[in-house]
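Q: Structure file structure.pdb, PDB, C-alpha atoms and all ligand atoms, is pasted below:
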```pdb
ATOM      1  CA  MET A 356     -11.185 126.271 -67.461
ATOM      2  CA  ARG A 357     -12.332 125.977 -63.883
ATOM      3  CA  VAL A 358     -12.337 128.955 -61.532
ATOM      4  CA  TYR A 359     -12.305 128.318 -57.794
ATOM      5  CA  LEU A 360     -13.029 130.973 -55.176
ATOM      6  CA  GLY A 361     -10.627 130.453 -52.263
ATOM      7  CA  GLY A 362     -11.393 133.784 -50.573
ATOM      8  CA  VAL A 363     -13.994 136.434 -51.390
ATOM      9  CA  ARG A 364     -13.770 138.878 -48.488
ATOM     10  CA  GLY A 365     -12.164 142.318 -48.590
ATOM     11  CA  SER A 366      -9.918 144.226 -46.202
ATOM     12  CA  THR A 367      -9.584 141.690 -43.360
ATOM     13  CA  PRO A 368     -10.834 138.148 -42.681
ATOM     14  CA  ALA A 369     -14.362 137.768 -41.307
ATOM     15  CA  PRO A 370     -14.701 134.674 -39.101
ATOM     16  CA  GLY A 371     -17.829 133.853 -37.118
ATOM     17  CA  PRO A 372     -21.390 132.609 -37.471
ATOM     18  CA  ASP A 373     -22.640 135.626 -39.438
ATOM     19  CA  PHE A 374     -20.216 134.920 -42.299
ATOM     20  CA  VAL A 375     -20.297 131.162 -42.843
ATOM     21  CA  ARG A 376     -22.370 131.021 -46.037
ATOM     22  CA  TYR A 377     -20.371 133.485 -48.161
ATOM     23  CA  GLY A 378     -17.088 132.934 -46.349
ATOM     24  CA  GLY A 379     -14.546 134.915 -44.364
ATOM     25  CA  HIS A 380     -11.228 134.381 -46.133
ATOM     26  CA  THR A 381      -9.715 137.302 -48.045
ATOM     27  CA  SER A 382      -9.181 137.502 -51.803
ATOM     28  CA  CYS A 383      -7.865 134.489 -53.697
ATOM     29  CA  VAL A 384      -9.073 132.938 -56.973
ATOM     30  CA  ALA A 385      -7.510 129.828 -58.538
ATOM     31  CA  LEU A 386      -7.733 128.913 -62.219
ATOM     32  CA  ALA A 387      -7.177 125.453 -63.641
ATOM     33  CA  HIS A 388      -7.282 123.994 -67.107
ATOM     34  CA  ASP A 389     -10.239 121.660 -67.442
ATOM     35  CA  ASP A 390      -8.676 118.417 -66.269
ATOM     36  CA  GLY A 391      -5.708 119.766 -64.319
ATOM     37  CA  PRO A 392      -4.806 121.207 -60.930
ATOM     38  CA  PRO A 393      -4.814 124.977 -60.248
ATOM     39  CA  GLN A 394      -1.910 126.616 -62.074
ATOM     40  CA  LEU A 395      -2.744 130.321 -62.048
ATOM     41  CA  ILE A 396      -3.795 132.088 -58.857
ATOM     42  CA  LEU A 397      -5.075 135.658 -58.626
ATOM     43  CA  ASP A 398      -4.137 137.227 -55.286
ATOM     44  CA  ALA A 399      -2.871 135.546 -52.159
ATOM     45  CA  GLY A 400      -5.200 136.583 -49.371
ATOM     46  CA  THR A 401      -5.905 134.150 -46.558
ATOM     47  CA  GLY A 402      -8.078 132.194 -49.022
ATOM     48  CA  LEU A 403      -4.853 130.859 -50.533
ATOM     49  CA  ARG A 404      -4.881 128.262 -47.738
ATOM     50  CA  ARG A 405      -7.954 126.672 -49.301
ATOM     51  CA  ILE A 406      -6.162 126.059 -52.616
ATOM     52  CA  THR A 407      -3.985 123.384 -51.006
ATOM     53  CA  SER A 408      -7.095 121.227 -50.578
ATOM     54  CA  LEU A 409      -7.520 121.149 -54.381
ATOM     55  CA  MET A 410      -4.047 119.729 -54.987
ATOM     56  CA  ASP A 411      -4.662 116.045 -54.120
ATOM     57  CA  GLY A 412      -1.485 115.977 -52.061
ATOM     58  CA  GLU A 413       0.597 117.214 -54.994
ATOM     59  CA  PRO A 414       2.864 120.279 -54.939
ATOM     60  CA  PHE A 415       1.695 123.524 -56.551
ATOM     61  CA  ARG A 416       3.512 124.277 -59.774
ATOM     62  CA  GLY A 417       2.367 127.581 -61.197
ATOM     63  CA  THR A 418       2.093 131.344 -60.926
ATOM     64  CA  ILE A 419       0.483 133.700 -58.432
ATOM     65  CA  LEU A 420      -0.441 137.165 -59.780
ATOM     66  CA  LEU A 421      -0.807 139.824 -57.098
ATOM     67  CA  GLY A 422      -3.104 142.657 -58.195
ATOM     68  CA  HIS A 423      -1.687 144.835 -55.438
ATOM     69  CA  LEU A 424       0.050 144.433 -52.116
ATOM     70  CA  HIS A 425      -2.540 145.285 -49.467
ATOM     71  CA  TRP A 426      -2.686 142.833 -46.545
ATOM     72  CA  ASP A 427      -5.891 141.147 -47.725
ATOM     73  CA  HIS A 428      -4.113 140.126 -50.951
ATOM     74  CA  VAL A 429      -0.773 138.812 -49.654
ATOM     75  CA  HIS A 430      -1.198 137.380 -46.153
ATOM     76  CA  GLY A 431      -1.825 133.865 -47.419
ATOM     77  CA  LEU A 432       1.591 133.483 -49.062
ATOM     78  CA  PRO A 433       3.553 131.982 -46.133
ATOM     79  CA  PHE A 434       0.663 129.610 -45.326
ATOM     80  CA  PHE A 435       0.292 128.019 -48.772
ATOM     81  CA  ASP A 436       1.150 124.432 -47.818
ATOM     82  CA  ALA A 437       1.020 123.112 -51.409
ATOM     83  CA  GLY A 438       3.706 125.675 -52.237
ATOM     84  CA  PHE A 439       6.171 123.941 -49.914
ATOM     85  CA  ARG A 440       5.730 120.298 -50.957
ATOM     86  CA  THR A 441       8.627 118.562 -52.680
ATOM     87  CA  GLY A 442       8.671 119.425 -56.376
ATOM     88  CA  HIS A 443       6.888 122.769 -55.979
ATOM     89  CA  ARG A 444       7.347 125.858 -58.151
ATOM     90  CA  VAL A 445       5.741 129.149 -57.096
ATOM     91  CA  ASP A 446       6.324 132.152 -59.343
ATOM     92  CA  VAL A 447       4.929 135.307 -57.763
ATOM     93  CA  LEU A 448       4.420 138.336 -59.994
ATOM     94  CA  LEU A 449       3.516 141.699 -58.460
ATOM     95  CA  PRO A 450       2.978 145.255 -59.651
ATOM     96  CA  ALA A 451       6.294 146.828 -60.569
ATOM     97  CA  VAL A 452       6.901 149.716 -58.186
ATOM     98  CA  ASP A 453      10.563 150.338 -57.504
ATOM     99  CA  GLY A 454      13.494 148.130 -56.685
ATOM    100  CA  ASP A 455      13.156 144.416 -57.229
ATOM    101  CA  ALA A 456       9.927 142.527 -56.611
ATOM    102  CA  SER A 457      11.008 140.585 -53.523
ATOM    103  CA  SER A 458      12.233 143.713 -51.743
ATOM    104  CA  THR A 459       8.968 145.506 -52.587
ATOM    105  CA  LEU A 460       7.006 142.602 -51.080
ATOM    106  CA  ALA A 461       9.394 142.475 -48.121
ATOM    107  CA  ARG A 462       8.360 145.952 -47.013
ATOM    108  CA  GLY A 463       5.275 144.329 -45.485
ATOM    109  CA  LEU A 464       6.512 140.739 -45.216
ATOM    110  CA  SER A 465       9.698 140.704 -43.146
ATOM    111  CA  PRO A 466      10.725 141.277 -39.508
ATOM    112  CA  PRO A 467       9.400 142.986 -37.463
ATOM    113  CA  HIS A 468       6.072 142.653 -39.376
ATOM    114  CA  PHE A 469       6.447 138.888 -39.921
ATOM    115  CA  PRO A 470       9.085 136.336 -38.847
ATOM    116  CA  ILE A 471      10.512 135.762 -42.329
ATOM    117  CA  SER A 472      11.031 137.638 -45.585
ATOM    118  CA  PRO A 473       9.963 136.495 -49.092
ATOM    119  CA  THR A 474      13.377 135.062 -49.952
ATOM    120  CA  GLU A 475      13.155 132.844 -46.856
ATOM    121  CA  LEU A 476      10.134 131.053 -48.318
ATOM    122  CA  GLY A 477      12.879 128.968 -49.811
ATOM    123  CA  HIS A 478      13.933 127.413 -53.072
ATOM    124  CA  GLY A 479      11.248 127.068 -55.701
ATOM    125  CA  TRP A 480       9.814 130.486 -54.901
ATOM    126  CA  ALA A 481      10.626 133.294 -57.348
ATOM    127  CA  PHE A 482       9.461 136.903 -57.477
ATOM    128  CA  GLY A 483       9.098 139.131 -60.502
ATOM    129  CA  ASP A 484       7.622 142.446 -61.591
ATOM    130  CA  LEU A 485       4.364 142.683 -63.500
ATOM    131  CA  ASP A 486       3.407 145.564 -65.785
ATOM    132  CA  GLU A 487       0.518 146.325 -68.084
ATOM    133  CA  GLY A 488       0.416 144.202 -71.213
ATOM    134  CA  ARG A 489      -0.571 140.870 -72.706
ATOM    135  CA  PHE A 490       1.107 137.745 -71.425
ATOM    136  CA  HIS A 491       0.907 133.985 -71.820
ATOM    137  CA  ILE A 492       1.107 132.499 -68.336
ATOM    138  CA  GLU A 493       0.620 128.842 -67.399
ATOM    139  CA  GLY A 494      -1.281 128.213 -70.632
ATOM    140  CA  PHE A 495      -3.655 131.169 -70.161
ATOM    141  CA  ASP A 496      -3.715 134.459 -72.067
ATOM    142  CA  VAL A 497      -3.669 137.277 -69.540
ATOM    143  CA  LEU A 498      -4.370 140.960 -70.143
ATOM    144  CA  VAL A 499      -3.052 143.204 -67.353
ATOM    145  CA  ARG A 500      -4.297 146.789 -66.962
ATOM    146  CA  GLU A 501      -3.715 149.325 -64.225
ATOM    147  CA  ILE A 502      -6.925 150.396 -62.465
ATOM    148  CA  PRO A 503      -7.534 153.125 -59.876
ATOM    149  CA  HIS A 504      -7.733 152.025 -56.214
ATOM    150  CA  LYS A 505      -6.083 153.644 -53.222
ATOM    151  CA  GLY A 506      -2.707 153.307 -51.603
ATOM    152  CA  GLY A 507      -0.459 151.649 -54.138
ATOM    153  CA  ARG A 508      -0.361 150.624 -57.761
ATOM    154  CA  THR A 509      -3.213 148.206 -58.563
ATOM    155  CA  LEU A 510      -3.729 145.890 -61.525
ATOM    156  CA  GLY A 511      -6.828 144.269 -62.972
ATOM    157  CA  PHE A 512      -6.742 141.006 -64.917
ATOM    158  CA  ARG A 513      -8.560 139.444 -67.865
ATOM    159  CA  VAL A 514      -7.793 135.748 -68.263
ATOM    160  CA  THR A 515      -8.856 133.404 -71.053
ATOM    161  CA  ASP A 516      -8.137 129.827 -72.046
ATOM    162  CA  GLY A 517      -9.545 130.462 -75.525
ATOM    163  CA  GLN A 518     -12.954 129.123 -74.543
ATOM    164  CA  HIS A 519     -13.979 131.122 -71.511
ATOM    165  CA  THR A 520     -12.863 134.530 -70.265
ATOM    166  CA  VAL A 521     -12.929 135.911 -66.744
ATOM    167  CA  ALA A 522     -12.197 139.473 -65.591
ATOM    168  CA  TYR A 523     -10.942 140.211 -62.074
ATOM    169  CA  LEU A 524     -11.114 143.735 -60.630
ATOM    170  CA  SER A 525     -11.017 142.997 -56.921
ATOM    171  CA  ASP A 526     -10.229 146.492 -55.649
ATOM    172  CA  HIS A 527     -11.372 149.350 -57.833
ATOM    173  CA  PHE A 528     -12.087 153.034 -57.198
ATOM    174  CA  PRO A 529     -13.592 154.276 -60.460
ATOM    175  CA  LEU A 530     -14.491 157.677 -58.984
ATOM    176  CA  ALA A 531     -10.810 158.515 -59.403
ATOM    177  CA  ALA A 532     -11.430 158.360 -63.166
ATOM    178  CA  GLY A 533     -14.492 160.639 -63.069
ATOM    179  CA  ALA A 534     -18.070 160.714 -61.772
ATOM    180  CA  GLY A 535     -19.544 158.530 -64.517
ATOM    181  CA  PRO A 536     -23.248 158.421 -65.463
ATOM    182  CA  ASP A 537     -24.524 157.667 -61.932
ATOM    183  CA  GLY A 538     -21.962 159.596 -59.910
ATOM    184  CA  LEU A 539     -20.443 156.285 -58.744
ATOM    185  CA  GLY A 540     -17.439 156.321 -61.052
ATOM    186  CA  ALA A 541     -16.505 156.317 -64.710
ATOM    187  CA  TYR A 542     -16.720 153.323 -66.992
ATOM    188  CA  HIS A 543     -13.152 154.074 -67.990
ATOM    189  CA  GLU A 544     -11.222 152.529 -70.803
ATOM    190  CA  ALA A 545      -9.132 150.078 -68.750
ATOM    191  CA  ALA A 546     -12.211 148.725 -66.933
ATOM    192  CA  LEU A 547     -14.131 148.336 -70.200
ATOM    193  CA  GLU A 548     -11.232 146.577 -71.882
ATOM    194  CA  LEU A 549     -10.801 144.152 -68.979
ATOM    195  CA  ALA A 550     -14.504 143.363 -68.672
ATOM    196  CA  GLY A 551     -15.595 143.600 -72.313
ATOM    197  CA  GLY A 552     -17.740 140.595 -73.290
ATOM    198  CA  VAL A 553     -16.365 138.294 -70.580
ATOM    199  CA  ASN A 554     -18.239 135.225 -69.401
ATOM    200  CA  VAL A 555     -17.879 136.399 -65.811
ATOM    201  CA  LEU A 556     -16.800 139.682 -64.259
ATOM    202  CA  LEU A 557     -15.563 139.400 -60.664
ATOM    203  CA  HIS A 558     -15.774 142.935 -59.322
ATOM    204  CA  ASP A 559     -15.229 144.922 -56.136
ATOM    205  CA  ALA A 560     -18.607 145.271 -54.411
ATOM    206  CA  GLN A 561     -17.445 146.450 -51.011
ATOM    207  CA  PHE A 562     -20.072 149.171 -50.615
ATOM    208  CA  LEU A 563     -23.564 150.265 -51.666
ATOM    209  CA  ALA A 564     -24.319 153.515 -53.474
ATOM    210  CA  SER A 565     -26.157 154.693 -50.361
ATOM    211  CA  GLN A 566     -22.877 154.608 -48.398
ATOM    212  CA  PHE A 567     -21.244 157.175 -50.674
ATOM    213  CA  PRO A 568     -19.749 159.754 -50.481
ATOM    214  CA  GLU A 569     -18.778 158.962 -46.860
ATOM    215  CA  VAL A 570     -16.854 155.807 -47.823
ATOM    216  CA  ALA A 571     -15.231 157.181 -50.976
ATOM    217  CA  TYR A 572     -11.927 157.801 -49.201
ATOM    218  CA  LEU A 573     -11.471 154.029 -48.772
ATOM    219  CA  GLY A 574     -10.978 153.528 -52.510
ATOM    220  CA  HIS A 575     -13.605 150.906 -53.403
ATOM    221  CA  SER A 576     -16.695 150.488 -55.589
ATOM    222  CA  ALA A 577     -20.422 150.338 -55.040
ATOM    223  CA  VAL A 578     -22.477 147.292 -56.004
ATOM    224  CA  GLU A 579     -24.459 149.565 -58.338
ATOM    225  CA  TYR A 580     -21.267 150.605 -60.146
ATOM    226  CA  ALA A 581     -20.328 146.950 -60.650
ATOM    227  CA  THR A 582     -23.701 146.170 -62.246
ATOM    228  CA  GLY A 583     -23.454 149.277 -64.427
ATOM    229  CA  LEU A 584     -19.969 148.414 -65.607
ATOM    230  CA  ALA A 585     -20.972 144.806 -66.306
ATOM    231  CA  SER A 586     -23.840 146.033 -68.495
ATOM    232  CA  ALA A 587     -21.736 148.685 -70.243
ATOM    233  CA  ALA A 588     -19.022 146.123 -70.971
ATOM    234  CA  GLN A 589     -21.571 143.507 -72.057
ATOM    235  CA  ALA A 590     -20.288 140.954 -69.578
ATOM    236  CA  ARG A 591     -22.476 137.863 -69.515
ATOM    237  CA  ALA A 592     -22.550 137.563 -65.735
ATOM    238  CA  LEU A 593     -21.422 139.543 -62.711
ATOM    239  CA  VAL A 594     -20.104 138.097 -59.477
ATOM    240  CA  LEU A 595     -19.957 140.560 -56.587
ATOM    241  CA  PHE A 596     -16.571 140.155 -54.897
ATOM    242  CA  HIS A 597     -14.500 141.624 -52.029
ATOM    243  CA  HIS A 598     -17.410 141.744 -49.592
ATOM    244  CA  ALA A 599     -16.877 144.203 -46.755
ATOM    245  CA  PRO A 600     -15.688 142.434 -43.581
ATOM    246  CA  ASP A 601     -18.802 143.495 -41.646
ATOM    247  CA  ARG A 602     -21.249 142.526 -44.439
ATOM    248  CA  THR A 603     -23.174 139.576 -42.974
ATOM    249  CA  ASP A 604     -24.641 136.663 -44.915
ATOM    250  CA  ASP A 605     -28.150 138.013 -44.363
ATOM    251  CA  GLU A 606     -27.151 141.456 -45.635
ATOM    252  CA  LEU A 607     -25.620 139.916 -48.755
ATOM    253  CA  ASP A 608     -28.878 138.032 -49.347
ATOM    254  CA  VAL A 609     -30.754 141.347 -49.267
ATOM    255  CA  ILE A 610     -28.255 142.975 -51.643
ATOM    256  CA  LEU A 611     -28.629 140.106 -54.096
ATOM    257  CA  LYS A 612     -32.411 140.196 -53.945
ATOM    258  CA  ALA A 613     -32.283 143.840 -54.965
ATOM    259  CA  GLN A 614     -30.382 142.835 -58.126
ATOM    260  CA  CYS A 615     -33.063 140.484 -59.445
ATOM    261  CA  ASP A 616     -34.111 143.036 -62.097
ATOM    262  CA  ALA A 617     -30.551 143.611 -63.328
ATOM    263  CA  ARG A 618     -29.934 143.236 -67.052
ATOM    264  CA  LEU A 619     -27.588 140.302 -66.499
ATOM    265  CA  PRO A 620     -27.246 137.499 -63.930
ATOM    266  CA  VAL A 621     -25.775 138.857 -60.681
ATOM    267  CA  THR A 622     -24.528 136.597 -57.901
ATOM    268  CA  ALA A 623     -22.285 137.115 -54.893
ATOM    269  CA  ALA A 624     -18.989 135.270 -54.617
ATOM    270  CA  VAL A 625     -19.155 132.279 -52.266
ATOM    271  CA  GLU A 626     -15.891 130.987 -50.802
ATOM    272  CA  GLY A 627     -15.068 127.361 -51.534
ATOM    273  CA  THR A 628     -17.090 127.136 -54.757
ATOM    274  CA  TYR A 629     -16.386 126.997 -58.484
ATOM    275  CA  LEU A 630     -17.731 129.756 -60.719
ATOM    276  CA  ALA A 631     -20.398 128.876 -63.251
ATOM    277  CA  LEU A 632     -19.130 130.053 -66.646
ATOM    278  CA  PRO A 633     -22.143 130.934 -68.824
TER     279      PRO A 633
HETATM  280 ZN    ZN B   1      -8.585 144.288 -51.018
HETATM  281 ZN    ZN B   2      -6.742 147.097 -51.677
END
```
As a first step, turn the structure in this file into structure tokens.
Ligand SMILES: [Zn+2]
Ligand SMILES: [Zn+2]
A:
Amino acid sequence: MRVYLGGVRGSTPAPGPDFVRYGGHTSCVALAHDDGPPQLILDAGTGLRRITSLMDGEPFRGTILLGHLHWDHVHGLPFFDAGFRTGHRVDVLLPAVDGDASSTLARGLSPPHFPISPTELGHGWAFGDLDEGRFHIEGFDVLVREIPHKGGRTLGFRVTDGQHTVAYLSDHFPLAAGAGPDGLGAYHEAALELAGGVNVLLHDAQFLASQFPEVAYLGHSAVEYATGLASAAQARALVLFHHAPDRTDDELDVILKAQCDARLPVTAAVEGTYLALP
């Protein structure tokens, strides 16, 4: 499979000259079978706009999985041009909360918050609930597990095409599951199952250990937790994801340099690139 990073930023977009190398769009990752167009998309942050450029003028026909419903994971939906071309099909699955999926999404995506509601995205768009479990979606096997975050039910994903496997824990607050060996959060069962032995783990790296405990209330992870989890789960590579909106390119360079002695390859997610799958 091919894995494209449409948006790698957390919380809110980060435009401007200090953010051009790693990118400013919020969370969106698109998966394609080797010779095909993107069919499975994880999260619909503003980076979803970049996925249209991969479609060669064709309509999107596939599924978008929303890990949770914070702004940085849904604001791209109405701006996904390939999802409005003739012949499109966009199935959006989101964490089951209460009521039906489109009304859950509409709490943040409808007047007066936004001019239209999900159902007004038109024909070809469908909304459904997603729960924990194993699913076959768009030709991929997907494991869905609930993970701790803050402010709403949050899901992590493990996706495989039978050849390569990628885990996606974009927003993760492992301290809610216990202190863990370094006081940065537990390597809890759901995280280990999602990340176990994957080719690449994409993980929340919003903060550094040195910023805790002051930032704990925001519900994210430290870079050092992500590297520890990747090692504990025997992931083959770690990609730091969900960069804080004020984390400049130069600061990310420094963070990466500090990881050069890590027990596995560590890189930082770069918007507009394909993941290497070791
Ligand atoms: Zn987020
Ligand atoms: Zn979030």
Q: With all atoms listed in the file as the counted atoms, please give the residues lying no more than 7 Å from His527 in chain A, apart from itself and same-chain residues fewer than 2 positions off, as an mmCIF file with C-alpha atoms, keeping the file's coordinate frame.
A:
```cif
data_model
loop_
_atom_site.group_PDB
_atom_site.id
_atom_site.type_symbol
_atom_site.label_atom_id
_atom_site.label_comp_id
_atom_site.auth_asym_id
_atom_site.auth_seq_id
_atom_site.Cartn_x
_atom_site.Cartn_y
_atom_site.Cartn_z
ATOM 1 C CA ILE A 502 -6.925 150.396 -62.465
ATOM 2 C CA PRO A 503 -7.534 153.125 -59.876
ATOM 3 C CA HIS A 504 -7.733 152.025 -56.214
ATOM 4 C CA LEU A 524 -11.114 143.735 -60.630
ATOM 5 C CA SER A 525 -11.017 142.997 -56.921
ATOM 6 C CA PRO A 529 -13.592 154.276 -60.460
ATOM 7 C CA ASP A 559 -15.229 144.922 -56.136
ATOM 8 C CA GLY A 574 -10.978 153.528 -52.510
ATOM 9 C CA HIS A 575 -13.605 150.906 -53.403
ATOM 10 C CA SER A 576 -16.695 150.488 -55.589
#
```
Q: Just give me the gap between CA of Leu409 in chain A and CA of Gly479 in chain A in Å, one decimal is fine.
A: 19.7 Å
Q: For the contact check between chain A and ligand ZN 1 (chain B), emit one row per residue of chain A within 7 Å, containing the shortest atom pair and the distance in Å rounded to one decimal, counting only C-alpha atoms and all ligand atoms, chain then rising number order, as a Markdown table.
A:
```
| residue | atom | partner | partner_atom | distance |
| --- | --- | --- | --- | --- |
| A:Gly365 | CA | B:ZN1 | ZN | 4.8 |
| A:Ser366 | CA | B:ZN1 | ZN | 5.0 |
| A:Ser382 | CA | B:ZN1 | ZN | 6.9 |
| A:His425 | CA | B:ZN1 | ZN | 6.3 |
| A:Asp427 | CA | B:ZN1 | ZN | 5.3 |
| A:His428 | CA | B:ZN1 | ZN | 6.1 |
| A:Ser525 | CA | B:ZN1 | ZN | 6.5 |
| A:Asp526 | CA | B:ZN1 | ZN | 5.4 |
| A:His597 | CA | B:ZN1 | ZN | 6.6 |
```
Q: Considering only C-alpha atoms, can you say which of A:His491, A:His430, A:Arg440, A:Arg376 comes closest to Leu395 in chain A?
A: A:His491
Q: (6.6, 122.6, -57.3) in this file's frame - what residues fall within 6 Å of it? Use only C-alpha atoms and give the answer as a ChimeraX atom specification.
A: /A:414-416,442-444
Q: Could all heavy atoms be built for range 411-419 of chain A and written out as an mmCIF file, keeping the file's coordinate frame?
A:
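New file selection.cif:
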```cif
data_model
loop_
_atom_site.group_PDB
_atom_site.id
_atom_site.type_symbol
_atom_site.label_atom_id
_atom_site.label_comp_id
_atom_site.auth_asym_id
_atom_site.auth_seq_id
_atom_site.Cartn_x
_atom_site.Cartn_y
_atom_site.Cartn_z
ATOM 1 N N ASP A 411 -4.780 117.505 -54.234
ATOM 2 C CA ASP A 411 -4.662 116.045 -54.120
ATOM 3 C C ASP A 411 -3.310 115.608 -53.578
ATOM 4 O O ASP A 411 -2.742 114.606 -54.047
ATOM 5 C CB ASP A 411 -4.888 115.379 -55.492
ATOM 6 C CG ASP A 411 -6.358 115.363 -55.890
ATOM 7 O OD1 ASP A 411 -7.204 115.394 -54.967
ATOM 8 O OD2 ASP A 411 -6.646 115.344 -57.101
ATOM 9 N N GLY A 412 -2.760 116.342 -52.661
ATOM 10 C CA GLY A 412 -1.485 115.977 -52.061
ATOM 11 C C GLY A 412 -0.273 116.324 -52.903
ATOM 12 O O GLY A 412 0.863 116.097 -52.481
ATOM 13 N N GLU A 413 -0.504 116.866 -54.086
ATOM 14 C CA GLU A 413 0.597 117.214 -54.994
ATOM 15 C C GLU A 413 1.119 118.619 -54.680
ATOM 16 O O GLU A 413 0.406 119.440 -54.092
ATOM 17 C CB GLU A 413 0.095 117.185 -56.448
ATOM 18 C CG GLU A 413 -0.347 115.827 -56.943
ATOM 19 C CD GLU A 413 0.830 114.880 -57.085
ATOM 20 O OE1 GLU A 413 1.871 115.295 -57.632
ATOM 21 O OE2 GLU A 413 0.719 113.732 -56.610
ATOM 22 N N PRO A 414 2.343 118.915 -55.099
ATOM 23 C CA PRO A 414 2.864 120.279 -54.939
ATOM 24 C C PRO A 414 2.235 121.230 -55.954
ATOM 25 O O PRO A 414 1.859 120.800 -57.050
ATOM 26 C CB PRO A 414 4.360 120.116 -55.212
ATOM 27 C CG PRO A 414 4.453 118.933 -56.118
ATOM 28 C CD PRO A 414 3.334 118.011 -55.719
ATOM 29 N N PHE A 415 2.133 122.498 -55.588
ATOM 30 C CA PHE A 415 1.695 123.524 -56.551
ATOM 31 C C PHE A 415 2.845 123.841 -57.481
ATOM 32 O O PHE A 415 3.974 124.054 -57.051
ATOM 33 C CB PHE A 415 1.266 124.793 -55.807
ATOM 34 C CG PHE A 415 0.867 125.922 -56.734
ATOM 35 C CD1 PHE A 415 -0.377 125.908 -57.360
ATOM 36 C CD2 PHE A 415 1.715 126.992 -56.979
ATOM 37 C CE1 PHE A 415 -0.757 126.945 -58.221
ATOM 38 C CE2 PHE A 415 1.350 128.031 -57.835
ATOM 39 C CZ PHE A 415 0.103 127.997 -58.454
ATOM 40 N N ARG A 416 2.540 123.868 -58.767
ATOM 41 C CA ARG A 416 3.512 124.277 -59.774
ATOM 42 C C ARG A 416 2.816 125.283 -60.679
ATOM 43 O O ARG A 416 2.054 124.894 -61.562
ATOM 44 C CB ARG A 416 3.997 123.069 -60.600
ATOM 45 C CG ARG A 416 4.710 122.017 -59.753
ATOM 46 C CD ARG A 416 5.186 120.845 -60.586
ATOM 47 N NE ARG A 416 6.084 121.271 -61.650
ATOM 48 C CZ ARG A 416 7.369 121.590 -61.487
ATOM 49 N NH1 ARG A 416 7.919 121.508 -60.287
ATOM 50 N NH2 ARG A 416 8.097 121.967 -62.503
ATOM 51 N N GLY A 417 3.064 126.572 -60.413
ATOM 52 C CA GLY A 417 2.367 127.581 -61.197
ATOM 53 C C GLY A 417 2.739 128.986 -60.777
ATOM 54 O O GLY A 417 3.792 129.222 -60.177
ATOM 55 N N THR A 418 1.826 129.916 -61.103
ATOM 56 C CA THR A 418 2.093 131.344 -60.926
ATOM 57 C C THR A 418 0.996 131.991 -60.096
ATOM 58 O O THR A 418 -0.184 131.677 -60.265
ATOM 59 C CB THR A 418 2.172 132.036 -62.300
ATOM 60 O OG1 THR A 418 3.251 131.463 -63.043
ATOM 61 C CG2 THR A 418 2.399 133.537 -62.156
ATOM 62 N N ILE A 419 1.410 132.871 -59.201
ATOM 63 C CA ILE A 419 0.483 133.700 -58.432
ATOM 64 C C ILE A 419 0.641 135.142 -58.911
ATOM 65 O O ILE A 419 1.753 135.698 -58.862
ATOM 66 C CB ILE A 419 0.774 133.622 -56.913
ATOM 67 C CG1 ILE A 419 0.615 132.178 -56.406
ATOM 68 C CG2 ILE A 419 -0.155 134.564 -56.149
ATOM 69 C CD1 ILE A 419 1.005 131.998 -54.936
#
```
